[in-house]
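Q: One structure, as structure tokens, below. Some questions next.
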Amino acid sequence: MFHQFHLKDIILLAIIGIVFGVIYLATGLLYNGLTIALTPFGYGPMANDITLGIWCMAGPLAGFMLRLPGASFLGEFLSAVVEMLLGDQWGVTTLLSGLVQGIGTELGFTLTLYKIYNWVTLLLSATTTTILTFAWDWFRNGYSHFPFSMLIVMLIVRWLSMFFFTGILVKLIVNLLNRSHVLPR
């Protein structure tokens with residue numbers, strides 16, 4: 001069955017993109033502060049893994065709210081576009097990160113064939129996003145140069161960040177929206 005985005009879906013995606021683009025821009029400040037605080041202990045690169053779950057919230061939220069193929073990807077990518085246009089510190093590479101993050105979040109929904117919208121979907125989405133973004137950082141940020149033990153810790157911390165922000169917080173937001181009858185279900 002072919003599903004289309006309607007005008008209300010596009011407007012909702014735009015709102016998610018704008019709101020999370022601003023949140024993502026602010027997360028850059030948190031990332032910088034954590035990097036500064038962790039660097040003297042040799043864990044500066046882990047600031048990325050700690051905060052990455054925040055940067056990936058728009059995708060699962062859009063996917064859960066719209067329940068349409070591509071919604072998760074578009075929510076994440078549009079947020080990255082807004083973050084970049086607001087003048088984040090990474091410039092156009094933010095679009096590449098948004099692309100990778102969007103594909104990662106969309107994969108979780110794809111694995112359930114867009115039929116299951118519960119904790120399983122959020123767990124899958126958190127896991128696929130963790131794997132894809134970690135592989136991206138392996139090349140982009142030189143993770144291949146870190147000791148194996150640090151890589152394992154970074155991967156676990158990243159997954160925990162993903163599960164907390166893109167799983168627990170997204171589910172809580174969706175539950176609140178459902179209780180307030182904002183979402184038609």
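The chains in the structure tokens are called A, B, ... from first to last as shown; in each chain the residues are counted from 1, and the ligands are counted from 1 in the order shown.
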List as a PyMOL selection string the protein and nucleic acid residues near Leu66 of chain A, meaning an atom at most 12 Å away when only C-alpha atoms are counted, but skip any in the same chain fewer than 4 places from it.
A: chain A and resi 3-13+16+58-62+70-75+109+114+117+174+182-185
Q: Kindly export the residues of the current selection with N, CA, C and O atoms, as a CSV table (one decimal), in the first residue's frame.
A:
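This went into selection-v1.csv:
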chain,number,residue,atom,x,y,z
A,3,HIS,N,1.7,5.1,0.7
A,3,HIS,CA,1.3,6.1,1.6
A,3,HIS,C,1.9,7.4,1.1
A,3,HIS,O,3.1,7.5,0.7
A,4,GLN,N,1.2,8.5,1.2
A,4,GLN,CA,1.7,9.8,0.8
A,4,GLN,C,1.7,10.8,2.0
A,4,GLN,O,1.0,10.6,3.0
A,5,PHE,N,2.6,11.7,1.9
A,5,PHE,CA,2.6,12.8,2.8
A,5,PHE,C,1.5,13.8,2.4
A,5,PHE,O,1.5,14.2,1.3
A,6,HIS,N,0.7,14.2,3.4
A,6,HIS,CA,-0.3,15.2,3.2
A,6,HIS,C,0.3,16.5,3.7
A,6,HIS,O,1.3,16.6,4.4
A,7,LEU,N,-0.4,17.6,3.4
A,7,LEU,CA,0.0,18.9,3.8
A,7,LEU,C,0.3,19.0,5.3
A,7,LEU,O,1.3,19.5,5.8
A,8,LYS,N,-0.6,18.4,6.1
A,8,LYS,CA,-0.5,18.5,7.6
A,8,LYS,C,0.8,17.7,8.0
A,8,LYS,O,1.4,18.1,9.0
A,9,ASP,N,1.1,16.6,7.3
A,9,ASP,CA,2.4,15.9,7.6
A,9,ASP,C,3.6,16.7,7.3
A,9,ASP,O,4.6,16.7,8.1
A,10,ILE,N,3.6,17.4,6.2
A,10,ILE,CA,4.7,18.3,5.8
A,10,ILE,C,4.9,19.4,6.8
A,10,ILE,O,6.0,19.8,7.2
A,11,ILE,N,3.7,20.0,7.2
A,11,ILE,CA,3.8,21.1,8.2
A,11,ILE,C,4.4,20.5,9.5
A,11,ILE,O,5.2,21.2,10.1
A,12,LEU,N,3.9,19.4,10.0
A,12,LEU,CA,4.5,18.8,11.2
A,12,LEU,C,5.9,18.5,11.1
A,12,LEU,O,6.7,18.7,12.0
A,13,LEU,N,6.4,18.0,9.9
A,13,LEU,CA,7.8,17.7,9.7
A,13,LEU,C,8.6,19.0,9.8
A,13,LEU,O,9.7,19.1,10.3
A,16,ILE,N,8.8,20.0,13.5
A,16,ILE,CA,9.8,19.2,14.1
A,16,ILE,C,11.2,19.6,13.7
A,16,ILE,O,12.1,19.7,14.6
A,58,ALA,N,14.9,13.9,16.6
A,58,ALA,CA,13.8,14.3,15.6
A,58,ALA,C,13.4,13.2,14.8
A,58,ALA,O,12.2,13.1,14.5
A,59,GLY,N,14.3,12.3,14.3
A,59,GLY,CA,13.9,11.2,13.4
A,59,GLY,C,12.9,10.2,14.0
A,59,GLY,O,11.8,10.0,13.5
A,60,PRO,N,13.2,9.7,15.2
A,60,PRO,CA,12.2,8.7,15.8
A,60,PRO,C,10.9,9.4,16.2
A,60,PRO,O,9.8,8.8,16.0
A,61,LEU,N,11.0,10.7,16.6
A,61,LEU,CA,9.8,11.4,17.0
A,61,LEU,C,8.9,11.6,15.7
A,61,LEU,O,7.7,11.3,15.8
A,62,ALA,N,9.5,12.0,14.6
A,62,ALA,CA,8.7,12.2,13.4
A,62,ALA,C,8.2,10.8,12.9
A,62,ALA,O,7.0,10.7,12.5
A,70,GLY,N,9.8,7.1,5.5
A,70,GLY,CA,10.5,8.3,5.1
A,70,GLY,C,10.4,9.4,6.1
A,70,GLY,O,11.2,10.3,6.1
A,71,ALA,N,9.4,9.3,7.0
A,71,ALA,CA,9.2,10.4,8.0
A,71,ALA,C,10.3,10.5,8.9
A,71,ALA,O,10.8,11.6,9.3
A,72,SER,N,10.8,9.4,9.4
A,72,SER,CA,12.0,9.5,10.4
A,72,SER,C,13.2,10.1,9.7
A,72,SER,O,13.8,10.9,10.3
A,73,PHE,N,13.5,9.7,8.5
A,73,PHE,CA,14.6,10.2,7.8
A,73,PHE,C,14.5,11.7,7.6
A,73,PHE,O,15.4,12.5,7.9
A,74,LEU,N,13.3,12.1,7.1
A,74,LEU,CA,13.0,13.5,6.8
A,74,LEU,C,13.1,14.4,8.1
A,74,LEU,O,13.6,15.5,8.1
A,75,GLY,N,12.5,13.9,9.2
A,75,GLY,CA,12.6,14.6,10.4
A,75,GLY,C,14.0,14.9,10.9
A,75,GLY,O,14.3,16.0,11.3
A,109,PHE,N,12.6,1.7,11.8
A,109,PHE,CA,11.2,1.6,11.4
A,109,PHE,C,11.0,0.7,10.2
A,109,PHE,O,10.1,-0.1,10.1
A,114,TYR,N,7.2,-0.8,9.1
A,114,TYR,CA,6.3,0.3,9.4
A,114,TYR,C,5.0,-0.1,10.0
A,114,TYR,O,3.9,0.5,9.8
A,117,TYR,N,4.7,0.1,16.3
A,117,TYR,CA,5.1,1.4,16.9
A,117,TYR,C,5.0,1.3,18.4
A,117,TYR,O,4.1,1.7,19.0
A,174,VAL,N,5.7,11.2,22.9
A,174,VAL,CA,4.6,10.7,22.2
A,174,VAL,C,3.4,10.3,23.1
A,174,VAL,O,2.3,10.6,22.8
A,182,VAL,N,-3.4,15.2,20.8
A,182,VAL,CA,-2.8,15.9,19.7
A,182,VAL,C,-2.7,15.0,18.5
A,182,VAL,O,-2.8,15.4,17.4
A,183,LEU,N,-2.3,13.8,18.8
A,183,LEU,CA,-2.1,12.8,17.7
A,183,LEU,C,-3.4,12.0,17.5
A,183,LEU,O,-3.9,11.4,18.4
A,184,PRO,N,-3.8,11.9,16.2
A,184,PRO,CA,-5.0,11.0,16.0
A,184,PRO,C,-4.6,9.6,15.9
A,184,PRO,O,-3.8,9.2,15.1
A,185,ARG,N,-5.1,8.8,16.9
A,185,ARG,CA,-4.8,7.4,16.9
A,185,ARG,C,-6.0,6.7,17.5
A,185,ARG,O,-6.5,6.9,18.6
Q: Show which residues sit within 8 Å of segment 85-102 of chain A, as a list in words. Count only C-alpha atoms, and ignore same-chain residues fewer than 4 positions away.
A: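 Residues meeting the cut-off are Gly21, Val22, Leu25, Gly28, Cys56, Gly59, Ser72, Phe73, Leu74, Gly75, Glu76, Phe77, Leu78, Ser79, Ala80, Val81, Glu106, Thr129, Leu132, Thr133 and Trp136 of chain A.
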Q: Based on the selection just made, write C-alpha atoms of those residues as a tab-separated table (two decimals), in the first residue's frame.
A:
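The new file part03.tsv reads:
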chain	number	residue	atom	x	y	z
A	21	GLY	CA	17.27	22.30	14.72
A	22	VAL	CA	17.32	24.85	17.55
A	25	LEU	CA	22.31	24.00	17.88
A	28	GLY	CA	26.65	21.96	20.36
A	56	CYS	CA	19.03	12.00	16.84
A	59	GLY	CA	13.87	11.21	13.44
A	72	SER	CA	11.95	9.46	10.36
A	73	PHE	CA	14.65	10.24	7.79
A	74	LEU	CA	13.04	13.54	6.81
A	75	GLY	CA	12.55	14.65	10.41
A	76	GLU	CA	16.21	14.04	11.19
A	77	PHE	CA	17.57	15.52	7.98
A	78	LEU	CA	15.39	18.66	8.14
A	79	SER	CA	16.56	19.26	11.71
A	80	ALA	CA	20.17	19.06	10.50
A	81	VAL	CA	19.37	21.56	7.72
A	106	GLU	CA	14.70	5.15	9.39
A	129	THR	CA	21.37	4.62	14.55
A	132	LEU	CA	25.53	3.64	11.51
A	133	THR	CA	26.71	6.75	13.34
A	136	TRP	CA	30.47	7.14	10.27
Q: Dump as a Markdown table the rows for residues of segment 26-131 of chain A within 12 Å of segment 160-163 of chain A: closest atom pair and distance in Å with one decimal, only C-alpha atoms counted, ordered by chain and rising residue number.
A:
| residue | atom | partner | partner_atom | distance |
| --- | --- | --- | --- | --- |
| A:Met46 | CA | A:Ser161 | CA | 11.2 |
| A:Ala47 | CA | A:Ser161 | CA | 10.8 |
| A:Asn48 | CA | A:Ser161 | CA | 10.0 |
| A:Asp49 | CA | A:Ser161 | CA | 7.1 |
| A:Ile50 | CA | A:Ser161 | CA | 5.7 |
| A:Thr51 | CA | A:Ser161 | CA | 6.7 |
| A:Leu52 | CA | A:Ser161 | CA | 6.7 |
| A:Gly53 | CA | A:Met162 | CA | 4.0 |
| A:Ile54 | CA | A:Met162 | CA | 7.5 |
| A:Trp55 | CA | A:Met162 | CA | 9.1 |
| A:Cys56 | CA | A:Met162 | CA | 7.4 |
| A:Met57 | CA | A:Met162 | CA | 8.3 |
| A:Ala58 | CA | A:Met162 | CA | 11.9 |
| A:Gly59 | CA | A:Met162 | CA | 11.7 |
| A:Pro60 | CA | A:Met162 | CA | 10.5 |
| A:Gln101 | CA | A:Met162 | CA | 11.0 |
| A:Gly104 | CA | A:Met162 | CA | 11.1 |
| A:Thr105 | CA | A:Met162 | CA | 10.2 |
| A:Trp119 | CA | A:Phe163 | CA | 10.1 |
| A:Val120 | CA | A:Phe163 | CA | 11.3 |
| A:Thr121 | CA | A:Phe163 | CA | 11.2 |
| A:Leu122 | CA | A:Phe163 | CA | 7.7 |
| A:Leu123 | CA | A:Phe163 | CA | 6.7 |
| A:Leu124 | CA | A:Phe163 | CA | 9.5 |
| A:Ser125 | CA | A:Phe163 | CA | 8.7 |
| A:Ala126 | CA | A:Met162 | CA | 5.2 |
| A:Thr127 | CA | A:Met162 | CA | 7.7 |
| A:Thr128 | CA | A:Met162 | CA | 9.8 |
| A:Thr129 | CA | A:Met162 | CA | 7.7 |
| A:Thr130 | CA | A:Met162 | CA | 6.8 |
| A:Ile131 | CA | A:Met162 | CA | 10.6 |
Q: Keeping only C-alpha atoms, take the residues you just selected and write them out as a compact mmCIF listing (two decimals), in the first residue's frame.
A:
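Once written, out-v8.txt looks like this:
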# COMPACT_ATOMS: atom_id res chain seq x y z
CA MET A 46 33.42 10.59 24.35
CA ALA A 47 31.50 13.89 24.53
CA ASN A 48 30.24 13.03 21.05
CA ASP A 49 28.93 9.66 22.22
CA ILE A 50 27.28 11.13 25.31
CA THR A 51 25.39 13.83 23.40
CA LEU A 52 24.64 12.03 20.12
CA GLY A 53 21.28 10.72 21.33
CA ILE A 54 20.05 14.30 21.63
CA TRP A 55 21.09 14.97 18.03
CA CYS A 56 19.03 12.00 16.84
CA MET A 57 15.68 12.64 18.54
CA ALA A 58 13.85 14.30 15.65
CA GLY A 59 13.87 11.21 13.44
CA PRO A 60 12.21 8.73 15.80
CA GLN A 101 21.53 9.82 11.38
CA GLY A 104 20.00 5.09 10.90
CA THR A 105 16.70 6.11 12.48
CA TRP A 119 9.39 -0.06 22.39
CA VAL A 120 10.62 -2.65 19.89
CA THR A 121 10.70 -0.04 17.13
CA LEU A 122 12.47 2.49 19.35
CA LEU A 123 15.01 -0.11 20.46
CA LEU A 124 15.68 -1.08 16.85
CA SER A 125 15.95 2.55 15.80
CA ALA A 126 18.35 3.34 18.66
CA THR A 127 20.48 0.33 17.74
CA THR A 128 20.59 0.95 13.98
CA THR A 129 21.37 4.62 14.55
CA THR A 130 24.13 3.70 17.00
CA ILE A 131 25.73 1.31 14.50
Q: Out of segment 110-152 of chain A, which residues get alpha helix (DSSP H) from DSSP, as a list in words?
A: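 The alpha helix (DSSP H) residues within segment 110-152 of chain A come out as Thr110, Leu111, Trp119, Val120, Thr121, Leu122, Leu123, Leu124, Ser125, Ala126, Thr127, Thr128, Thr129, Thr130, Ile131, Leu132, Thr133, Phe134, Ala135, Trp136, Asp137, Trp138, Phe139, Arg140, Phe148, Ser149, Met150, Leu151 and Ile152 of chain A.
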Q: Rank nothing, just name the residue among A:Asn32, A:Thr27, A:Thr112, A:Asn175 nearest to Met65 of chain A, using only C-alpha atoms.
A: A:Asn175
Q: Atom CA of Ala37 of chain A to atom CA of Met150 of chain A: how many Å, to one decimal?
A: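 Distance between the two atoms: 17.4 Å.
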